[in-house]
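Pasting start.txt here (compact mmCIF, C-alpha atoms and all ligand atoms):
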# COMPACT_ATOMS: atom_id res chain seq x y z
CA MET A 12 0.00 0.00 0.00
CA PRO A 13 1.43 3.42 -0.88
CA ALA A 14 2.05 5.95 1.87
CA LYS A 15 -0.83 8.29 2.64
CA LEU A 16 0.13 11.95 3.04
CA TYR A 17 -2.32 14.26 4.79
CA VAL A 18 -2.10 17.80 3.47
CA VAL A 19 -3.84 21.11 3.10
CA HIS A 20 -3.65 22.23 -0.52
CA GLY A 21 -0.98 24.93 -0.95
CA SER A 22 0.48 24.45 2.55
CA HIS A 23 4.21 25.14 2.37
CA PRO A 24 5.43 22.35 4.72
CA CYS A 25 3.21 19.93 2.78
CA GLU A 26 4.98 21.01 -0.43
CA THR A 27 8.26 20.17 1.31
CA VAL A 28 7.19 16.58 1.92
CA VAL A 29 5.53 16.09 -1.46
CA ARG A 30 8.77 17.09 -3.17
CA ALA A 31 10.87 14.85 -0.90
CA LEU A 32 8.66 11.85 -1.72
CA GLU A 33 8.88 12.67 -5.43
CA LEU A 34 12.66 13.04 -5.31
CA LYS A 35 12.96 9.65 -3.65
CA GLY A 36 10.52 8.07 -6.09
CA MET A 37 8.32 6.77 -3.27
CA ALA A 38 4.69 5.92 -4.05
CA PHE A 39 2.18 8.00 -2.12
CA LYS A 40 -1.36 9.28 -2.18
CA THR A 41 -2.44 12.63 -0.81
CA VAL A 42 -5.48 13.22 1.34
CA GLU A 43 -6.45 16.90 1.12
CA LEU A 44 -8.14 18.31 4.17
CA PRO A 45 -10.07 21.60 4.19
CA VAL A 46 -7.99 24.42 5.64
CA GLY A 47 -8.88 25.33 9.21
CA MET A 48 -10.95 22.19 9.76
CA HIS A 49 -7.82 20.12 9.19
CA ALA A 50 -6.55 20.91 12.69
CA GLY A 51 -9.26 18.82 14.39
CA VAL A 52 -8.89 15.91 11.96
CA MET A 53 -5.11 15.87 12.34
CA ARG A 54 -5.37 15.97 16.13
CA VAL A 55 -7.54 12.83 16.04
CA LEU A 56 -5.43 11.01 13.44
CA PHE A 57 -1.92 12.02 14.51
CA GLY A 58 -2.27 13.46 18.01
CA ARG A 59 -0.98 16.79 16.66
CA ARG A 60 -3.09 19.36 14.86
CA THR A 61 -0.80 20.33 11.98
CA VAL A 62 -0.26 19.10 8.43
CA PRO A 63 1.73 17.40 7.02
CA GLY A 64 1.32 13.98 8.55
CA ILE A 65 2.06 10.70 6.81
CA VAL A 66 0.94 7.11 7.27
CA LEU A 67 3.73 4.95 5.94
CA GLU A 68 3.58 1.39 4.68
CA GLY A 69 2.73 -0.83 7.64
CA GLY A 70 0.73 1.92 9.32
CA GLU A 71 3.56 3.90 10.94
CA LYS A 72 2.47 7.50 11.49
CA VAL A 73 4.88 10.44 11.34
CA SER A 74 3.87 14.05 11.84
CA GLY A 75 5.83 17.20 10.97
CA SER A 76 7.83 18.05 7.85
CA ARG A 77 11.26 17.65 9.43
CA ALA A 78 10.45 14.36 11.17
CA ILE A 79 8.95 13.00 7.95
CA LEU A 80 12.06 13.90 5.93
CA ARG A 81 14.29 12.18 8.54
CA ARG A 82 12.19 9.02 8.30
CA LEU A 83 12.14 9.09 4.49
CA ASP A 84 15.95 9.24 4.49
CA GLU A 85 16.02 6.14 6.68
CA LEU A 86 13.54 4.25 4.52
CA ARG A 87 14.94 5.33 1.14
CA PRO A 88 18.50 6.66 1.57
CA GLU A 89 18.94 7.84 -2.04
CA PRO A 90 18.97 10.63 -2.95
CA ALA A 91 20.04 11.69 0.55
CA LEU A 92 18.37 14.84 1.86
CA LEU A 93 21.30 15.55 4.18
CA PRO A 94 25.00 15.72 3.28
CA ALA A 95 27.21 12.96 4.75
CA GLU A 96 30.10 15.29 5.68
CA PRO A 97 29.48 16.31 9.34
CA GLU A 98 30.08 20.07 9.02
CA ARG A 99 27.90 20.47 5.94
CA ARG A 100 25.29 18.22 7.48
CA ALA A 101 25.15 20.40 10.60
CA ALA A 102 24.82 23.54 8.45
CA VAL A 103 21.93 22.05 6.46
CA LEU A 104 20.19 20.85 9.63
CA GLU A 105 20.48 24.32 11.16
CA ALA A 106 19.14 26.00 8.00
CA GLU A 107 16.27 23.49 7.92
CA ARG A 108 15.45 24.13 11.61
CA TRP A 109 15.44 27.89 11.03
CA GLY A 110 13.32 27.43 7.91
CA ASP A 111 10.75 25.50 9.92
CA GLU A 112 10.72 27.38 13.21
CA VAL A 113 11.24 30.93 11.94
CA LEU A 114 10.40 31.38 8.24
CA GLN A 115 7.62 28.80 7.87
CA ALA A 116 5.71 30.15 10.87
CA ALA A 117 6.28 33.80 9.86
CA THR A 118 4.95 33.03 6.39
CA ARG A 119 1.64 31.96 7.91
CA ARG A 120 1.59 35.02 10.16
CA ILE A 121 2.15 37.29 7.13
CA LEU A 122 -0.26 35.50 4.78
CA TRP A 123 -3.37 35.10 6.91
CA PRO A 124 -4.07 38.73 7.89
CA THR A 125 -3.39 39.71 4.27
CA LEU A 126 -5.73 37.08 2.85
CA LEU A 127 -8.42 37.91 5.36
CA ALA A 128 -8.32 41.55 4.22
CA ASN A 129 -8.37 40.48 0.55
CA ALA A 130 -10.91 37.64 0.53
CA SER A 131 -11.52 37.85 -3.23
CA ALA A 132 -8.04 36.33 -3.72
CA ALA A 133 -8.94 33.19 -1.74
CA PRO A 134 -10.03 31.05 -4.76
CA SER A 135 -6.55 31.43 -6.31
CA PHE A 136 -5.13 29.45 -3.39
CA SER A 137 -7.28 26.44 -4.25
CA GLU A 138 -6.09 26.28 -7.89
CA GLY A 139 -5.04 22.71 -8.59
CA ALA A 140 -6.80 21.34 -5.50
CA LYS A 141 -8.32 17.85 -5.74
CA LEU A 142 -11.66 19.13 -4.51
CA PRO A 143 -11.75 22.81 -5.48
CA LEU A 144 -14.68 24.54 -3.80
CA PRO A 145 -16.65 27.00 -5.95
CA ALA A 146 -15.24 30.55 -5.74
CA PRO A 147 -18.37 32.03 -4.04
CA VAL A 148 -18.20 29.34 -1.33
CA LEU A 149 -14.52 30.06 -0.74
CA LYS A 150 -15.04 33.81 -0.57
CA ALA A 151 -17.90 33.31 1.85
CA ALA A 152 -15.82 30.94 4.01
CA ILE A 153 -12.74 33.15 4.25
CA PRO A 154 -13.92 35.45 7.05
CA LEU A 155 -14.58 32.43 9.27
CA VAL A 156 -11.55 30.35 8.25
CA GLY A 157 -9.32 33.43 8.23
CA ARG A 158 -10.28 34.38 11.78
CA LEU A 159 -9.68 30.81 12.94
CA GLU A 160 -6.25 30.85 11.27
CA LEU A 161 -5.36 34.18 12.91
CA LYS A 162 -6.03 32.48 16.21
CA LEU A 163 -4.19 29.24 15.40
CA ASN A 164 -1.16 31.20 14.22
CA ALA A 165 -1.33 33.93 16.87
CA THR A 166 -1.27 36.64 14.23
CA SER A 167 -2.88 39.94 13.25
CA ALA A 168 -2.09 42.86 10.94
CA ALA A 169 0.21 44.26 13.65
CA VAL A 170 2.07 40.94 14.04
CA ARG A 171 2.42 40.69 10.24
CA ASP A 172 3.86 44.20 10.10
CA ALA A 173 6.41 43.33 12.80
CA ASP A 174 7.40 40.20 10.81
CA LEU A 175 7.78 42.29 7.67
CA ARG A 176 10.32 44.44 9.46
CA GLU A 177 12.43 41.27 9.89
CA LEU A 178 12.02 40.09 6.30
CA GLY A 179 15.06 41.87 4.87
CA ALA A 180 17.37 40.23 7.42
CA TRP A 181 15.78 36.82 6.76
CA LEU A 182 16.34 37.19 3.01
CA ASP A 183 19.98 38.19 3.66
CA ARG A 184 20.39 34.99 5.64
CA ILE A 185 18.92 32.84 2.85
CA ASP A 186 21.05 34.55 0.19
CA ALA A 187 24.14 33.94 2.34
CA TRP A 188 23.28 30.23 2.56
CA LEU A 189 22.88 30.17 -1.21
CA ALA A 190 26.28 31.84 -1.58
CA ASP A 191 28.08 29.41 0.76
CA GLY A 192 26.43 26.30 -0.72
CA THR A 193 24.31 25.35 2.30
CA LEU A 194 21.37 25.86 -0.06
CA GLY A 195 21.12 25.57 -3.83
CA GLY A 196 23.29 22.51 -4.51
CA GLU A 197 22.81 20.19 -7.47
CA THR A 198 20.34 17.94 -5.64
CA PRO A 199 17.88 19.66 -3.29
CA ASN A 200 18.61 18.99 0.38
CA ALA A 201 16.27 19.11 3.38
CA ALA A 202 16.90 22.83 3.95
CA ASP A 203 16.21 23.68 0.30
CA LEU A 204 12.94 21.76 0.55
CA GLN A 205 12.01 23.50 3.81
CA ILE A 206 12.86 27.10 2.90
CA ALA A 207 11.92 27.44 -0.79
CA PRO A 208 8.17 26.68 -0.33
CA SER A 209 7.89 29.44 2.28
CA LEU A 210 9.47 31.92 -0.13
CA LYS A 211 7.07 30.75 -2.83
CA LEU A 212 4.09 31.37 -0.58
CA LEU A 213 5.45 34.81 0.35
CA MET A 214 5.92 35.56 -3.36
CA ALA A 215 2.25 34.69 -3.97
CA MET A 216 1.82 38.20 -2.56
CA GLU A 217 2.86 40.53 -5.41
CA ASP A 218 3.97 43.11 -2.85
CA LEU A 219 6.55 40.66 -1.54
CA ARG A 220 7.45 39.21 -4.95
CA ALA A 221 8.63 42.73 -5.76
CA VAL A 222 11.04 42.48 -2.81
CA ILE A 223 12.09 38.81 -3.02
CA GLY A 224 12.02 38.29 -6.80
CA PRO A 225 15.09 40.43 -7.65
CA ARG A 226 17.27 38.74 -4.99
CA PRO A 227 19.15 35.46 -5.55
CA CYS A 228 16.67 33.58 -3.37
CA GLY A 229 13.68 34.59 -5.55
CA PRO A 230 14.55 32.77 -8.78
CA TRP A 231 16.00 29.90 -6.74
CA ALA A 232 12.65 29.29 -5.02
CA ASP A 233 10.74 29.75 -8.28
CA ALA A 234 12.92 27.14 -9.98
CA LEU A 235 12.60 24.61 -7.15
CA PHE A 236 8.84 25.00 -6.73
CA PRO A 237 7.35 26.17 -10.02
CA GLY A 238 3.61 26.51 -10.20
CA SER A 239 2.65 26.94 -6.54
CA PRO A 240 -0.92 28.21 -6.13
CA GLY A 241 -2.17 31.56 -4.85
CA HIS A 242 -2.03 35.18 -5.93
CA LEU A 243 -2.56 38.34 -3.93
CA PRO A 244 -2.33 41.42 -6.16
CA ALA A 245 -0.07 44.39 -5.50
CA GLY A 246 -1.54 46.61 -2.83
CA ALA A 247 -2.87 43.72 -0.71
CA ILE A 248 -0.36 44.66 1.98
CA PRO A 249 -0.72 48.29 3.11
CA ALA A 250 2.08 50.52 1.82
CA ALA A 251 2.99 51.61 5.36
CA ALA A 252 3.71 47.99 6.32
CA LEU A 253 6.00 47.63 3.30
CA ALA A 254 7.96 50.77 3.98
CA GLY A 255 10.57 49.02 6.11
CA VAL A 256 10.93 45.90 3.95
N1 LIG A 301 6.24 23.23 11.53
C1 LIG A 301 5.46 22.03 11.43
C2 LIG A 301 3.96 22.36 11.51
C3 LIG A 301 3.34 22.74 10.20
C4 LIG A 301 2.11 23.63 10.36
O1 LIG A 301 2.01 24.45 11.28
N2 LIG A 301 1.20 23.47 9.39
C5 LIG A 301 0.04 24.36 9.35
C6 LIG A 301 -0.46 24.47 7.92
S1 LIG A 301 0.76 25.26 6.89
C7 LIG A 301 -1.06 23.79 10.18
O2 LIG A 301 -1.42 22.64 10.01
N3 LIG A 301 -1.61 24.59 11.09
C8 LIG A 301 -2.73 24.18 11.91
C9 LIG A 301 -2.61 24.61 13.32
O3 LIG A 301 -1.71 25.38 13.67
O4 LIG A 301 -3.45 24.16 14.08
C10 LIG A 301 5.83 21.24 10.19
O5 LIG A 301 6.68 21.70 9.41
O6 LIG A 301 5.29 20.15 10.00

Do you think you could lay out the structure here as structure tokens?
Amino acid sequence: MPAKLYVVHGSHPCETVVRALELKGMAFKTVELPVGMHAGVMRVLFGRRTVPGIVLEGGEKVSGSRAILRRLDELRPEPALLPAEPERRAAVLEAERWGDEVLQAATRRILWPTLLANASAAPSFSEGAKLPLPAPVLKAAIPLVGRLELKLNATSAAVRDADLRELGAWLDRIDAWLADGTLGGETPNAADLQIAPSLKLLMAMEDLRAVIGPRPCGPWADALFPGSPGHLPAGAIPAAALAGV
């Protein structure tokens, strides 16, 4: 039986795992859960409310993008998602940890207040979904789902604006990792797979694509994860919040 991966369509850590499974050539099926409601389902199935979670052959359950990638490397060592050389391995693990704990979470905190204030963009985030809901249903659902997500992610417009003030330093860090080879090698490693989907989701906001796109990390993320869903037009983030980016 192929592995069963539980996702929310367009979720950046889910993209991480999908790509890892594809790189390793492992058979899997995805189960798409509706955003917001997924937290309750995941809590029951995995004991933890976040996607991604995977049920591997034999029924083993693993939750969390980093834990899943570690397990995939054990089950299917090639191509390895971590370098063998200890110093490079430590650097990739640290970049992956930062990508998960800092950038991935900040991406949610930046996206949700913006989407909630621009509900007409919501249908673009379900492009390519297995069960796309009709656009009017999505637009109607956004105020409710958006408010739930603000709560789950402890965010607001003010929190987003504080995150945006950090964005420049975060992009400097990613560009430095690209320059020193921690990221951007010939075969994607675990840190590439963790960080690039967050940048892609940030670049779904035109206001941030204008900032990220011209930097080395912009085209790198676009090349690694072409065709990610979602589009928030320029102006979705208030100009004042962008002033310090
Ligand atoms: N950092 C963890 C958690 C991922 C995560 O927070 N996923 C979000 C969707 S992008 C989620 O399921 N949030 C639901 C919640 O916070 O209850 C990972 O990489 O697996």

Exercise. Contacts of Lys15 (chain A) at 6 Å or less, counting only C-alpha atoms, minus same-chain residues fewer than 2 places along, as a PyMOL selection string?
Worked result: chain A and resi 39-41+65-66

For this session: Residues up to 6 Å from ligand LIG 301 (chain A), counting all atoms listed in the file: could you list those as a list in words?
Result: Ser22, His23, Pro24, Ala50, Arg60, Thr61, Val62, Pro63, Gly75, Ser76, Asp111, Leu163 and Asn164 of chain A

Only C-alpha atoms, please: the residues just picked out, written as a compact mmCIF listing (two decimals), keeping the file's coordinate frame.
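Wrote selection.txt, looks like this:
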# COMPACT_ATOMS: atom_id res chain seq x y z
CA SER A 22 0.48 24.45 2.55
CA HIS A 23 4.21 25.14 2.37
CA PRO A 24 5.43 22.35 4.72
CA ALA A 50 -6.55 20.91 12.69
CA ARG A 60 -3.09 19.36 14.86
CA THR A 61 -0.80 20.33 11.98
CA VAL A 62 -0.26 19.10 8.43
CA PRO A 63 1.73 17.40 7.02
CA GLY A 75 5.83 17.20 10.97
CA SER A 76 7.83 18.05 7.85
CA ASP A 111 10.75 25.50 9.92
CA LEU A 163 -4.19 29.24 15.40
CA ASN A 164 -1.16 31.20 14.22

Problem set entry | Nearest to Met214 (chain A) by atom-to-atom distance, counting only C-alpha atoms, from A:Asp174, A:Thr118, A:Ile153, A:Ala130 |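 Of A:Asp174, A:Thr118, A:Ile153, A:Ala130, the one nearest Met214 (chain A) is A:Thr118, counting only C-alpha atoms.
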
Exercise. For Pro154 (chain A), which residue out of A:Ala133, A:Glu138, A:Arg176, A:Ala254 is the nearest one, using only C-alpha atoms?
Worked result: A:Ala133

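CA of Thr27 (chain A) lies 5.0 Å from CA of Leu204 (chain A).
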
Problem set entry | Distance in Å - CA of Cys228 (chain A) versus CA of Asn129 (chain A) |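 The value is 26.3 Å.
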
For this session: Would you please work out which residue, of A:Leu175, A:Ala14, A:Val103, A:Leu32, is nearest to Ile206 (chain A) when using all atoms listed in the file?
Result: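 Using all atoms listed in the file, the shortest distance to Ile206 (chain A) belongs to A:Val103.
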
For this session: Provide the CA of Gly70 (chain A) to CA of Ala201 (chain A) distance in Å, to one decimal place.
Result: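 Rounded to one decimal, the two atoms are 23.9 Å apart.
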
Problem set entry | Nearest to Thr166 (chain A) by atom-to-atom distance, counting only C-alpha atoms, from A:Ile121, A:Met12, A:Leu144, A:Leu182 | A:Ile121

For this session: Could you give me, as a ChimeraX atom specification, the residues within 12 Å of Glu43 (chain A), counting only C-alpha atoms and dropping anything in the same chain fewer than 6 positions from it?
Result: /A:15-22,25,49,52-53,62-65,137,139-143

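Restricting the calculation to all atoms listed in the file, the smallest distance between Ala165 (chain A) and any of A:Trp123, A:Phe136, A:Trp188, A:Trp231 is found for A:Trp123.
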
For this session: Find, counting only C-alpha atoms, the residue in A:Arg30, A:Ala128, A:Ala187, A:Pro90 that gets nearest to Arg158 (chain A).
Result: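 When distances to Arg158 (chain A) are compared using only C-alpha atoms, the smallest one comes from A:Ala128.
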
For this session: Write out as a ChimeraX atom specification each polymer residue whose atoms come within 12 Å of Pro237 (chain A), counting all atoms listed in the file; drop sequence neighbours fewer than 6 positions from it.
Result: /A:26,30,207-208,210-212,214-215,229-231

Exercise. Region 83-89 of chain A: which residues within 9 Å, counting only C-alpha atoms, same-chain residues fewer than 2 positions away excluded, as a list in words?
Worked result: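 Here the qualifying residues turn out to be Ala31, Leu32, Leu34, Lys35, Gly36, Met37, Ala78, Ile79, Leu80, Arg81, Ala91, Leu92 and Leu93 of chain A.
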
For this session: Show which residues sit within 7 Å of Ala202 (chain A), as a list in words. Count only C-alpha atoms, and ignore same-chain residues fewer than 3 positions away.
Result: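 Near Ala202 (chain A), the qualifying residues are Val103, Leu104, Ala106, Glu107, Leu194, Gln205 and Ile206 of chain A.
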
Complete the atoms of region 82-108 of chain A to N, CA and C atoms and put them out as a PDB file, keeping the file's coordinate frame.
ATOM      1  N   ARG A  82      12.639  10.417   8.448  1.00  0.00           N
ATOM      2  CA  ARG A  82      12.190   9.020   8.300  1.00  0.00           C
ATOM      3  C   ARG A  82      12.315   8.568   6.845  1.00  0.00           C
ATOM      4  N   LEU A  83      12.014   9.460   5.907  1.00  0.00           N
ATOM      5  CA  LEU A  83      12.140   9.090   4.490  1.00  0.00           C
ATOM      6  C   LEU A  83      13.588   8.762   4.153  1.00  0.00           C
ATOM      7  N   ASP A  84      14.532   9.527   4.739  1.00  0.00           N
ATOM      8  CA  ASP A  84      15.950   9.240   4.490  1.00  0.00           C
ATOM      9  C   ASP A  84      16.342   7.866   5.027  1.00  0.00           C
ATOM     10  N   GLU A  85      15.724   7.471   6.150  1.00  0.00           N
ATOM     11  CA  GLU A  85      16.020   6.140   6.680  1.00  0.00           C
ATOM     12  C   GLU A  85      15.445   5.052   5.774  1.00  0.00           C
ATOM     13  N   LEU A  86      14.218   5.290   5.298  1.00  0.00           N
ATOM     14  CA  LEU A  86      13.540   4.250   4.520  1.00  0.00           C
ATOM     15  C   LEU A  86      14.084   4.151   3.102  1.00  0.00           C
ATOM     16  N   ARG A  87      14.447   5.295   2.532  1.00  0.00           N
ATOM     17  CA  ARG A  87      14.940   5.330   1.140  1.00  0.00           C
ATOM     18  C   ARG A  87      16.121   6.293   1.109  1.00  0.00           C
ATOM     19  N   PRO A  88      17.338   5.763   1.378  1.00  0.00           N
ATOM     20  CA  PRO A  88      18.500   6.660   1.570  1.00  0.00           C
ATOM     21  C   PRO A  88      18.882   7.508   0.358  1.00  0.00           C
ATOM     22  N   GLU A  89      18.514   7.075  -0.855  1.00  0.00           N
ATOM     23  CA  GLU A  89      18.940   7.840  -2.040  1.00  0.00           C
ATOM     24  C   GLU A  89      17.758   8.479  -2.763  1.00  0.00           C
ATOM     25  N   PRO A  90      17.872   9.709  -3.228  1.00  0.00           N
ATOM     26  CA  PRO A  90      18.970  10.630  -2.950  1.00  0.00           C
ATOM     27  C   PRO A  90      18.863  11.128  -1.503  1.00  0.00           C
ATOM     28  N   ALA A  91      20.022  11.257  -0.846  1.00  0.00           N
ATOM     29  CA  ALA A  91      20.040  11.690   0.550  1.00  0.00           C
ATOM     30  C   ALA A  91      19.610  13.144   0.651  1.00  0.00           C
ATOM     31  N   LEU A  92      18.826  13.452   1.657  1.00  0.00           N
ATOM     32  CA  LEU A  92      18.370  14.840   1.860  1.00  0.00           C
ATOM     33  C   LEU A  92      19.300  15.612   2.782  1.00  0.00           C
ATOM     34  N   LEU A  93      20.291  14.893   3.346  1.00  0.00           N
ATOM     35  CA  LEU A  93      21.300  15.550   4.180  1.00  0.00           C
ATOM     36  C   LEU A  93      22.680  15.146   3.691  1.00  0.00           C
ATOM     37  N   PRO A  94      23.648  16.081   3.693  1.00  0.00           N
ATOM     38  CA  PRO A  94      25.000  15.720   3.280  1.00  0.00           C
ATOM     39  C   PRO A  94      25.628  14.766   4.303  1.00  0.00           C
ATOM     40  N   ALA A  95      26.556  13.928   3.837  1.00  0.00           N
ATOM     41  CA  ALA A  95      27.210  12.960   4.750  1.00  0.00           C
ATOM     42  C   ALA A  95      28.288  13.656   5.575  1.00  0.00           C
ATOM     43  N   GLU A  96      28.967  14.631   5.002  1.00  0.00           N
ATOM     44  CA  GLU A  96      30.100  15.290   5.680  1.00  0.00           C
ATOM     45  C   GLU A  96      29.547  16.067   6.888  1.00  0.00           C
ATOM     46  N   PRO A  97      30.105  15.812   8.102  1.00  0.00           N
ATOM     47  CA  PRO A  97      29.480  16.310   9.340  1.00  0.00           C
ATOM     48  C   PRO A  97      29.256  17.821   9.384  1.00  0.00           C
ATOM     49  N   GLU A  98      30.241  18.613   8.920  1.00  0.00           N
ATOM     50  CA  GLU A  98      30.080  20.070   9.020  1.00  0.00           C
ATOM     51  C   GLU A  98      28.965  20.571   8.093  1.00  0.00           C
ATOM     52  N   ARG A  99      28.946  20.048   6.895  1.00  0.00           N
ATOM     53  CA  ARG A  99      27.900  20.470   5.940  1.00  0.00           C
ATOM     54  C   ARG A  99      26.536  19.967   6.394  1.00  0.00           C
ATOM     55  N   ARG A 100      26.541  18.782   6.969  1.00  0.00           N
ATOM     56  CA  ARG A 100      25.290  18.220   7.480  1.00  0.00           C
ATOM     57  C   ARG A 100      24.714  19.112   8.595  1.00  0.00           C
ATOM     58  N   ALA A 101      25.593  19.537   9.494  1.00  0.00           N
ATOM     59  CA  ALA A 101      25.150  20.400  10.600  1.00  0.00           C
ATOM     60  C   ALA A 101      24.605  21.721  10.059  1.00  0.00           C
ATOM     61  N   ALA A 102      25.267  22.255   9.030  1.00  0.00           N
ATOM     62  CA  ALA A 102      24.820  23.540   8.450  1.00  0.00           C
ATOM     63  C   ALA A 102      23.430  23.379   7.813  1.00  0.00           C
ATOM     64  N   VAL A 103      23.230  22.284   7.111  1.00  0.00           N
ATOM     65  CA  VAL A 103      21.930  22.050   6.460  1.00  0.00           C
ATOM     66  C   VAL A 103      20.843  21.833   7.506  1.00  0.00           C
ATOM     67  N   LEU A 104      21.181  21.084   8.562  1.00  0.00           N
ATOM     68  CA  LEU A 104      20.190  20.850   9.630  1.00  0.00           C
ATOM     69  C   LEU A 104      19.799  22.161  10.310  1.00  0.00           C
ATOM     70  N   GLU A 105      20.770  23.043  10.522  1.00  0.00           N
ATOM     71  CA  GLU A 105      20.480  24.320  11.160  1.00  0.00           C
ATOM     72  C   GLU A 105      19.614  25.205  10.242  1.00  0.00           C
ATOM     73  N   ALA A 106      19.940  25.211   8.948  1.00  0.00           N
ATOM     74  CA  ALA A 106      19.140  26.000   8.000  1.00  0.00           C
ATOM     75  C   ALA A 106      17.712  25.430   7.932  1.00  0.00           C
ATOM     76  N   GLU A 107      17.596  24.125   7.966  1.00  0.00           N
ATOM     77  CA  GLU A 107      16.270  23.490   7.920  1.00  0.00           C
ATOM     78  C   GLU A 107      15.464  23.852   9.182  1.00  0.00           C
ATOM     79  N   ARG A 108      16.123  23.796  10.347  1.00  0.00           N
ATOM     80  CA  ARG A 108      15.450  24.130  11.610  1.00  0.00           C
ATOM     81  C   ARG A 108      14.949  25.578  11.569  1.00  0.00           C
TER      82      ARG A 108
END
